[in-house]
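Coordinates as given in start_38.txt (compact mmCIF, C-alpha atoms):
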# COMPACT_ATOMS: atom_id res chain seq x y z
CA MET A 1221 11.69 -68.28 -73.41
CA LEU A 1222 12.68 -65.38 -71.27
CA PRO A 1223 12.08 -65.86 -67.59
CA TYR A 1224 9.30 -63.84 -66.08
CA ALA A 1225 10.60 -60.64 -64.52
CA VAL A 1226 8.72 -58.77 -61.82
CA PRO A 1227 8.51 -55.13 -62.83
CA SER A 1228 9.96 -52.72 -60.33
CA PRO A 1229 7.74 -49.88 -59.20
CA SER A 1230 8.20 -46.65 -60.93
CA PRO A 1231 9.90 -43.99 -58.86
CA SER A 1232 7.21 -41.53 -59.78
CA SER A 1233 4.29 -43.70 -58.58
CA PRO A 1234 2.92 -42.58 -55.13
CA GLY A 1235 3.03 -45.01 -52.22
CA PRO A 1236 0.11 -45.90 -49.94
CA THR A 1237 -1.11 -42.84 -47.91
CA SER A 1238 -3.41 -42.47 -44.84
CA PRO A 1239 -6.89 -41.15 -45.45
CA SER A 1240 -7.26 -37.43 -44.74
CA PRO A 1241 -9.23 -36.47 -41.58
CA ALA A 1242 -12.56 -34.76 -42.02
CA CYS A 1243 -11.66 -31.82 -39.76
CA LEU A 1244 -9.07 -30.10 -41.93
CA ASP A 1245 -11.14 -26.92 -41.85
CA SER A 1246 -10.02 -26.50 -38.24
CA TYR A 1247 -6.67 -24.80 -37.75
CA ALA A 1248 -5.64 -27.11 -34.91
CA CYS A 1249 -6.67 -30.23 -36.83
CA ASP A 1250 -4.83 -29.14 -39.94
CA LEU A 1251 -1.75 -28.25 -37.90
CA LEU A 1252 -1.60 -31.63 -36.16
CA TRP A 1253 -2.24 -33.39 -39.45
CA LYS A 1254 0.76 -31.65 -41.01
CA TRP A 1255 2.94 -32.32 -37.95
CA THR A 1256 2.08 -35.97 -37.30
CA ASP A 1257 0.33 -37.26 -40.42
CA THR A 1258 -1.93 -39.17 -38.04
CA PRO A 1259 -5.68 -38.97 -38.69
CA TRP A 1260 -6.91 -39.90 -35.19
CA LEU A 1261 -4.54 -37.42 -33.58
CA ALA A 1262 -5.67 -34.68 -35.93
CA GLU A 1263 -9.34 -35.48 -35.39
CA GLY A 1264 -8.83 -35.40 -31.58
CA SER A 1265 -7.06 -32.04 -31.72
CA TYR A 1266 -10.01 -30.25 -30.07
CA TYR A 1267 -9.80 -32.41 -26.95
CA LEU A 1268 -6.04 -32.92 -27.00
CA LEU A 1269 -4.97 -29.36 -27.79
CA ILE A 1270 -7.77 -26.78 -27.65
CA LYS A 1271 -9.40 -27.90 -24.37
CA PRO A 1272 -6.15 -28.16 -22.37
CA LEU A 1273 -4.93 -24.82 -23.71
CA ARG A 1274 -8.20 -23.16 -22.74
CA ILE A 1275 -8.09 -24.65 -19.24
CA ILE A 1276 -4.46 -23.58 -18.81
CA ALA A 1277 -5.33 -20.09 -20.06
CA ILE A 1278 -8.24 -19.84 -17.58
CA VAL A 1279 -6.01 -20.88 -14.68
CA LEU A 1280 -3.23 -18.49 -15.70
CA ILE A 1281 -5.62 -15.57 -16.15
CA ALA A 1282 -7.18 -16.31 -12.75
CA MET A 1283 -3.76 -16.40 -11.08
CA LEU A 1284 -2.69 -13.20 -12.83
CA THR A 1285 -5.94 -11.44 -11.88
CA ARG A 1286 -5.58 -12.55 -8.26
CA TYR A 1287 -1.97 -11.37 -8.18
CA LEU A 1288 -2.84 -7.94 -9.59
CA LEU A 1289 -5.77 -7.46 -7.24
CA HIS A 1290 -3.73 -8.58 -4.22
CA ARG A 1291 -0.95 -6.20 -5.21
CA THR A 1292 -3.43 -3.34 -5.52
CA ILE A 1293 -4.92 -4.14 -2.11
CA LYS A 1294 -1.44 -4.37 -0.60
CA ARG A 1295 -0.49 -0.97 -1.98
CA LEU A 1296 -3.73 0.56 -0.69
CA VAL A 1297 -3.13 -0.98 2.75
CA GLY A 1298 0.42 0.36 2.79
CA ALA A 1299 -0.71 3.83 1.75
CA THR A 1300 -3.45 3.83 4.41
CA ALA A 1301 -1.01 2.68 7.11
CA GLU A 1302 1.36 5.52 6.19
CA GLY A 1303 -1.45 8.06 6.27
CA SER A 1304 -1.18 9.12 2.61
CA VAL A 1305 -4.90 8.81 1.86
CA PRO A 1306 -7.52 11.41 0.94
CA THR A 1307 -9.11 13.26 3.86
CA ILE A 1308 -12.51 11.71 3.23
CA LEU A 1309 -11.04 8.22 3.66
CA LYS A 1310 -9.19 8.99 6.88
CA PRO A 1311 -10.52 7.80 10.25
CA LEU A 1312 -12.78 10.16 12.14
CA ARG A 1313 -10.24 11.04 14.82
CA GLU A 1314 -7.84 12.30 12.13
CA ARG A 1315 -10.49 14.39 10.39
CA ILE A 1316 -11.55 16.32 13.50
CA PRO A 1317 -9.66 19.63 13.69
CA THR A 1318 -8.13 20.27 17.10
CA ALA A 1319 -5.91 22.98 18.44
CA HIS A 1320 -3.32 20.73 19.98
CA VAL A 1321 -2.99 17.58 17.86
CA ASP A 1322 -0.32 17.45 15.24
CA PRO A 1323 -1.31 15.12 12.35
CA ALA A 1324 2.16 13.59 12.52
CA MET A 1325 1.53 12.59 16.13
CA VAL A 1326 -1.54 10.45 15.41
CA VAL A 1327 -0.92 6.91 16.65
CA PRO A 1328 0.01 4.89 13.53
CA GLU A 1329 -0.26 1.46 15.13
CA ARG A 1330 -4.03 1.42 15.29
CA ARG A 1331 -4.28 2.68 11.70
CA ARG A 1332 -1.87 -0.03 10.58
CA GLN A 1333 -3.83 -2.77 12.37
CA ARG A 1334 -7.11 -1.51 10.94
CA ALA A 1335 -5.66 -1.38 7.42
CA GLU A 1336 -4.18 -4.87 7.75
CA ALA A 1337 -7.50 -6.29 8.98
CA ILE A 1338 -9.43 -4.77 6.09
CA GLY A 1339 -6.73 -5.86 3.63
CA SER A 1340 -6.86 -9.44 4.89
CA VAL A 1341 -10.63 -9.57 4.44
CA LEU A 1342 -10.43 -8.07 0.95
CA ARG A 1343 -7.66 -10.47 -0.12
CA SER A 1344 -9.66 -13.47 1.07
CA LEU A 1345 -12.75 -12.20 -0.73
CA VAL A 1346 -10.82 -11.60 -3.96
CA THR A 1347 -9.28 -15.09 -3.84
CA ALA A 1348 -12.67 -16.75 -3.28
CA VAL A 1349 -14.39 -14.82 -6.08
CA VAL A 1350 -11.62 -15.17 -8.69
CA PHE A 1351 -10.98 -18.87 -8.19
CA GLY A 1352 -14.70 -19.60 -7.86
CA ILE A 1353 -15.28 -18.12 -11.32
CA ALA A 1354 -12.24 -19.98 -12.64
CA VAL A 1355 -13.55 -23.32 -11.36
CA LEU A 1356 -16.91 -22.74 -13.03
CA LEU A 1357 -15.21 -21.89 -16.34
CA VAL A 1358 -13.03 -25.00 -16.17
CA LEU A 1359 -16.05 -27.20 -15.46
CA SER A 1360 -17.79 -25.60 -18.44
CA GLU A 1361 -14.80 -26.45 -20.65
CA LEU A 1362 -15.01 -30.05 -19.45
CA SER A 1363 -18.63 -30.16 -20.68
CA PHE A 1364 -20.19 -30.30 -17.22
CA ASP A 1365 -23.76 -29.10 -17.04
CA LEU A 1366 -23.54 -26.12 -14.70
CA ALA A 1367 -27.27 -25.49 -14.45
CA PRO A 1368 -27.94 -28.16 -11.77
CA LEU A 1369 -24.75 -27.18 -9.97
CA LEU A 1370 -25.70 -23.50 -9.87
CA ALA A 1371 -29.24 -24.33 -8.84
CA SER A 1372 -27.97 -26.54 -6.01
CA ALA A 1373 -25.52 -23.84 -4.95
CA GLY A 1374 -28.34 -21.30 -4.93
CA ILE A 1375 -30.55 -23.52 -2.79
CA ALA A 1376 -27.65 -24.24 -0.43
CA GLY A 1377 -26.88 -20.52 -0.23
CA VAL A 1378 -30.50 -19.70 0.65
CA ALA A 1379 -30.56 -22.43 3.30
CA LEU A 1380 -27.24 -21.27 4.70
CA GLY A 1381 -28.47 -17.68 4.68
CA PHE A 1382 -31.56 -18.58 6.71
CA GLY A 1383 -29.60 -20.78 9.09
CA ALA A 1384 -26.62 -18.47 9.58
CA GLN A 1385 -28.19 -15.06 9.05
CA THR A 1386 -27.04 -13.93 12.49
CA LEU A 1387 -23.45 -14.86 11.62
CA VAL A 1388 -23.66 -13.05 8.29
CA LYS A 1389 -25.15 -10.02 10.03
CA ASP A 1390 -22.29 -9.98 12.55
CA LEU A 1391 -19.65 -10.27 9.82
CA ILE A 1392 -21.13 -7.49 7.69
CA ALA A 1393 -21.51 -5.21 10.73
CA GLY A 1394 -17.92 -5.93 11.76
CA LEU A 1395 -16.61 -5.16 8.27
CA PHE A 1396 -18.41 -1.81 8.13
CA MET A 1397 -17.24 -1.04 11.66
CA LEU A 1398 -13.65 -1.52 10.51
CA LEU A 1399 -14.16 0.46 7.31
CA GLU A 1400 -15.74 3.39 9.16
CA ASP A 1401 -13.30 3.19 12.09
CA GLN A 1402 -16.09 3.54 14.64
CA TYR A 1403 -13.79 2.39 17.45
CA GLY A 1404 -10.54 0.55 17.99
CA VAL A 1405 -8.46 -1.17 20.62
CA GLY A 1406 -7.90 1.15 23.58
CA ASP A 1407 -10.95 3.36 22.97
CA THR A 1408 -13.47 3.97 25.75
CA VAL A 1409 -16.90 3.29 24.29
CA ASP A 1410 -20.53 3.09 25.36
CA LEU A 1411 -22.34 0.28 23.56
CA GLY A 1412 -25.52 0.36 25.58
CA GLU A 1413 -25.34 -2.62 27.92
CA ALA A 1414 -21.56 -2.42 28.26
CA THR A 1415 -19.35 0.60 28.75
CA GLY A 1416 -15.59 0.30 29.02
CA VAL A 1417 -12.29 0.00 27.21
CA VAL A 1418 -12.11 -1.99 23.95
CA GLU A 1419 -9.62 -4.85 24.32
CA ALA A 1420 -10.15 -6.67 21.02
CA VAL A 1421 -11.99 -6.00 17.76
CA GLY A 1422 -12.95 -8.76 15.32
CA LEU A 1423 -15.27 -9.22 12.39
CA ARG A 1424 -17.80 -11.03 14.61
CA ILE A 1425 -17.04 -10.18 18.24
CA THR A 1426 -15.98 -7.01 20.09
CA THR A 1427 -14.43 -7.49 23.55
CA ILE A 1428 -14.85 -4.76 26.18
CA ARG A 1429 -13.54 -4.51 29.74
CA ASP A 1430 -15.80 -2.36 31.92
CA GLY A 1431 -14.89 -0.32 35.00
CA ARG A 1432 -15.42 -3.28 37.36
CA GLY A 1433 -13.15 -5.59 35.40
CA VAL A 1434 -15.92 -7.59 33.74
CA LEU A 1435 -15.03 -8.75 30.22
CA TRP A 1436 -17.92 -8.38 27.79
CA TYR A 1437 -18.16 -10.26 24.47
CA ILE A 1438 -20.55 -8.40 22.19
CA ARG A 1439 -21.60 -9.58 18.75
CA ASN A 1440 -21.17 -6.84 16.18
CA GLY A 1441 -24.62 -7.44 14.72
CA GLU A 1442 -26.22 -6.58 18.08
CA ILE A 1443 -24.53 -3.17 18.37
CA VAL A 1444 -27.11 -0.57 17.36
CA ARG A 1445 -25.31 2.52 18.68
CA VAL A 1446 -21.75 3.42 19.62
CA GLY A 1447 -20.66 6.24 21.87
CA ASN A 1448 -16.92 6.68 21.46
CA LYS A 1449 -15.34 8.73 24.23
CA SER A 1450 -11.84 8.59 22.76
CA GLN A 1451 -12.23 10.31 19.39
CA GLY A 1452 -11.42 13.98 18.99
CA TRP A 1453 -11.94 16.10 22.09
CA ALA A 1454 -13.89 15.80 25.32
CA LEU A 1455 -15.73 18.27 27.53
CA VAL A 1456 -15.47 18.48 31.31
CA ILE A 1457 -18.59 20.00 32.93
CA VAL A 1458 -18.58 20.91 36.62
CA ASP A 1459 -21.72 22.24 38.34
CA LEU A 1460 -21.09 23.70 41.81
CA PRO A 1461 -23.78 25.03 44.18
CA ILE A 1462 -22.99 28.38 45.78
CA GLY A 1463 -26.10 28.70 47.90
CA PHE A 1464 -27.40 32.24 48.16
CA ALA A 1465 -23.94 33.85 48.03
CA GLY A 1466 -23.28 36.59 45.52
CA THR A 1467 -23.05 35.16 42.02
CA GLU A 1468 -20.56 37.77 40.85
CA GLU A 1469 -18.19 37.00 43.71
CA ALA A 1470 -18.53 33.24 43.23
CA THR A 1471 -18.03 33.53 39.47
CA ALA A 1472 -14.82 35.52 39.94
CA VAL A 1473 -13.48 32.98 42.45
CA LEU A 1474 -14.29 30.03 40.18
CA ARG A 1475 -12.81 31.76 37.13
CA THR A 1476 -9.51 32.32 38.94
CA ALA A 1477 -9.38 28.70 40.10
CA ALA A 1478 -10.18 27.39 36.61
CA ALA A 1479 -7.49 29.58 35.05
CA SER A 1480 -4.92 28.11 37.46
CA VAL A 1481 -5.69 24.65 36.07
CA ALA A 1482 -4.93 25.84 32.53
CA LEU A 1483 -1.58 27.20 33.73
CA ASP A 1484 -0.54 23.90 35.30
CA PRO A 1485 2.42 22.60 33.21
CA GLU A 1486 1.31 19.00 33.72
CA LEU A 1487 -2.26 19.59 32.58
CA SER A 1488 -1.90 22.35 29.97
CA PRO A 1489 -0.98 19.90 27.13
CA GLU A 1490 -4.31 18.14 27.72
CA ILE A 1491 -6.40 21.32 27.53
CA VAL A 1492 -7.70 22.29 24.09
CA GLU A 1493 -9.47 25.52 25.04
CA GLU A 1494 -9.27 27.74 28.09
CA PRO A 1495 -11.70 26.92 30.94
CA GLU A 1496 -14.82 29.05 30.96
CA VAL A 1497 -17.23 29.83 33.79
CA LEU A 1498 -20.60 30.06 32.05
CA GLY A 1499 -22.52 31.44 35.01
CA VAL A 1500 -25.69 30.40 36.78
CA GLU A 1501 -26.96 27.16 35.29
CA GLN A 1502 -29.99 26.60 37.50
CA ILE A 1503 -31.71 27.73 40.69
CA THR A 1504 -32.64 25.18 43.35
CA VAL A 1505 -34.07 25.39 46.85
CA ASP A 1506 -30.49 25.50 48.10
CA GLY A 1507 -29.56 28.42 45.90
CA ALA A 1508 -27.77 28.95 42.59
CA VAL A 1509 -25.63 26.45 40.69
CA ILE A 1510 -22.76 27.76 38.56
CA ARG A 1511 -21.39 25.76 35.63
CA THR A 1512 -17.72 25.62 34.58
CA VAL A 1513 -16.61 23.90 31.37
CA VAL A 1514 -13.26 23.10 29.77
CA LYS A 1515 -12.50 21.35 26.48
CA THR A 1516 -9.75 18.72 26.80
CA THR A 1517 -8.22 15.87 24.87
CA SER A 1518 -10.03 12.56 25.06
CA ASP A 1519 -7.17 10.99 27.02
CA GLY A 1520 -6.81 13.85 29.49
CA GLN A 1521 -10.48 14.31 30.33
CA LEU A 1522 -10.41 12.39 33.61
CA ALA A 1523 -7.21 13.97 34.95
CA VAL A 1524 -8.27 17.51 34.08
CA GLY A 1525 -11.76 16.92 35.46
CA ARG A 1526 -10.49 15.68 38.83
CA GLU A 1527 -8.03 18.53 39.25
CA LEU A 1528 -10.59 21.13 38.15
CA ARG A 1529 -13.14 19.90 40.72
CA ARG A 1530 -10.54 19.89 43.47
CA ARG A 1531 -9.37 23.44 42.80
CA LEU A 1532 -12.88 24.82 42.42
CA ALA A 1533 -13.92 23.27 45.74
CA GLU A 1534 -10.82 24.62 47.48
CA ALA A 1535 -11.39 28.08 46.01
CA LEU A 1536 -14.95 28.20 47.32
CA GLU A 1537 -13.78 27.07 50.75
CA ASN A 1538 -10.91 29.56 50.93
CA SER A 1539 -13.13 32.42 49.85
CA GLY A 1540 -15.66 31.68 52.61
CA ILE A 1541 -18.51 30.88 50.22
CA THR A 1542 -18.72 27.34 51.57
CA ALA A 1543 -19.44 28.73 55.04
CA GLN A 1544 -22.19 30.89 53.59
CA ILE A 1545 -23.71 27.81 52.00
CA ALA A 1546 -23.74 26.04 55.38
CA ALA A 1547 -25.19 29.11 57.10
CA SER A 1548 -27.97 29.37 54.54
CA ARG A 1549 -29.12 25.89 55.52
CA MET A 1550 -29.67 26.98 59.19
CA TYR A 1551 -33.29 27.77 60.00
CA LEU A 1552 -35.36 28.55 63.12
CA ARG A 1553 -36.94 25.66 64.94
CA PRO A 1554 -40.62 26.38 65.73
CA GLN A 1555 -41.45 27.16 69.39
CA ALA A 1556 -42.76 24.22 71.36
CA PRO A 1557 -46.32 24.63 72.59
CA GLY A 1558 -46.70 25.46 76.30
CA THR A 1559 -43.34 27.17 76.70
CA GLY A 1560 -45.02 30.51 77.21
CA GLY A 1561 -42.44 32.25 75.12
CA THR A 1562 -39.83 32.20 77.86
CA GLU A 1563 -37.31 30.56 75.51
CA THR A 1564 -36.06 31.82 72.25
CA GLY A 1565 -37.07 28.67 70.44
CA GLN A 1566 -34.07 28.98 68.19
CA GLY A 1567 -32.69 25.67 67.12
CA GLY A 1568 -29.49 24.51 65.57
CA ALA A 1569 -28.87 23.16 62.17
CA THR A 1570 -30.68 20.01 61.14
Target encoding C-alpha cells, full file:
Amino acid sequence: MLPYAVPSPSPSSPGPTSPSPACLDSYACDLLWKWTDTPWLAEGSYYLLIKPLRIIAIVLIAMLTRYLLHRTIKRLVGATAEGSVPTILKPLRERIPTAHVDPAMVVPERRRQRAEAIGSVLRSLVTAVVFGIAVLLVLSELSFDLAPLLASAGIAGVALGFGAQTLVKDLIAGLFMLLEDQYGVGDTVDLGEATGVVEAVGLRITTIRDGRGVLWYIRNGEIVRVGNKSQGWALVIVDLPIGFAGTEEATAVLRTAAASVALDPELSPEIVEEPEVLGVEQITVDGAVIRTVVKTTSDGQLAVGRELRRRLAEALENSGITAQIAASRMYLRPQAPGTGGTETGQGGAT
C-alpha cells in the first residue's frame, strides 16, 4: 500500500487575501488600498490623508495671503514715503499751491513716519483677519461646532464694544486722523481746550505742548475740531490806529514800510505775496484804523509779523503821525465855577 502523500498546492491557486474595504469609491481610499493593501488604513484615509492635507492647505494659503497683502502694503508705504502717489492721496500741505514751496522741498520725514504708522496698523489688521479666518476653517475641518463659538464671540464682542466704546472711538478717530493727515509732529494746532505744538501723535492719544510749557494729553475721540496753523500759508494782519491824521498820508507811509519788509533778504523767503495796505478798516472814537496784510509761510508767520509791526510803528513815528494821534487826544478842561473867567480854563492832557 502506497503511503499517503500530502498534495502540494497548485501554483495557480490563489492564497488567502484581505477583505476589500468598503470605501473603494473614494480616490484616497483606493489609492491607499493599492499602496498598502491594508483595509483599516484605506478606510481611515479621510482622516489620515484628506483632513491633514486640507488643514495644511488652509495654513499655507493663509500664510501666502498674508505675505502678499503685507508685500502690497509695504510697497504702498514705500511709494507714499517717496511721494510717488496720486495728488488726491497726498497730504493737505502738499496739495495746497504756493508761490514759494518746491514740491521737492517738502519735509519727507513726517510723510515717512505717517506712512509707516498707517502701514503698521494695516499689517496688524491683515494678520488678525487672515489668521482668524484660517483658525475658524481649521476648527471646521476638525469637526468643531462653530455655531456656539461664533455666538459666544458675538456676545463677547458686543460686551466689549459697550465696555470699551470710548477706546474704540479713540482708535478709529486716530486712524482717520493719520489717513487724512490732519496734523503731525511739529505742527501748531488749536484743538479747543489746548493750543500748542504737537509733540507726539498716536492712535489713541495726541500730546501737545502749549505756550506756557504745559503738556496736554488729548484723546483722539474727544477732538471735534482741529485748527492747523502749520499747513500751507498764513496771513499776518496788522491794524494800526492813525487818529484823525490824513488817511492818504498814513496809507503811503505804511505802504512804504511794508514794502521794506518784503525787500529784507532775511524775511523775503518767508513771504508768499507782497504786503498790501488795504486802507481804513474801521472808525473809532480815536479816529481811523488802517489794516495791513501780508501772506507768509506757516513757519515764518511770527517772524514776519513781529518785524512788520515794528517797522510800521517806526514809520508812523518818524512821519509825525504818532504826534498827531497824541495831540488829537488833548481836550479842553471845563472852567471851574466861580473863577469869573479870569483864567483860560485850558487843561492838559488826561
When you look at range 1474-1479 of chain A with a cut-off of 6 Å (counting all atoms listed in the file), what residues show up, excluding the ones that are within fewer than 3 positions of it in the same chain? I need them as an mmCIF file with C-alpha atoms, in the coordinates of the input.
data_model
loop_
_atom_site.group_PDB
_atom_site.id
_atom_site.type_symbol
_atom_site.label_atom_id
_atom_site.label_comp_id
_atom_site.auth_asym_id
_atom_site.auth_seq_id
_atom_site.Cartn_x
_atom_site.Cartn_y
_atom_site.Cartn_z
ATOM 1 C CA THR A 1471 -18.030 33.530 39.470
ATOM 2 C CA ALA A 1482 -4.930 25.840 32.530
ATOM 3 C CA PRO A 1495 -11.700 26.920 30.940
ATOM 4 C CA VAL A 1497 -17.230 29.830 33.790
ATOM 5 C CA ARG A 1531 -9.370 23.440 42.800
ATOM 6 C CA LEU A 1532 -12.880 24.820 42.420
#
Checklist entry - Which neighbours of Gly1394 in chain A fall inside 9 Å, counting all atoms listed in the file, when residues of the same chain fewer than 3 positions from it are skipped, and could you give them as a count of residues only? => result 15
Checklist entry - What gap, in Å, lies between CA of Glu1400 in chain A and CA of Arg1334 in chain A? => result 10.1 Å
Next on the checklist: If I take CA of Val1492 in chain A and CA of Ser1480 in chain A, how far is one from the other in Å, to one decimal?
Outcome noted: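 So the two atoms, CA of Val1492 in chain A and CA of Ser1480 in chain A, lie 14.8 Å apart.
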Checklist entry - Got a sec: who's within 10 Å of Phe1351 in chain A, counting only C-alpha atoms, leaving out chain neighbours fewer than 2 positions off, as a list in words? => result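 Neighbouring residues, sequence-local ones excluded: Ile1278, Val1279, Ala1282, Met1283, Thr1285, Arg1286, Val1346, Thr1347, Ala1348, Val1349, Ile1353, Ala1354, Val1355, Leu1356 and Leu1357 of chain A.
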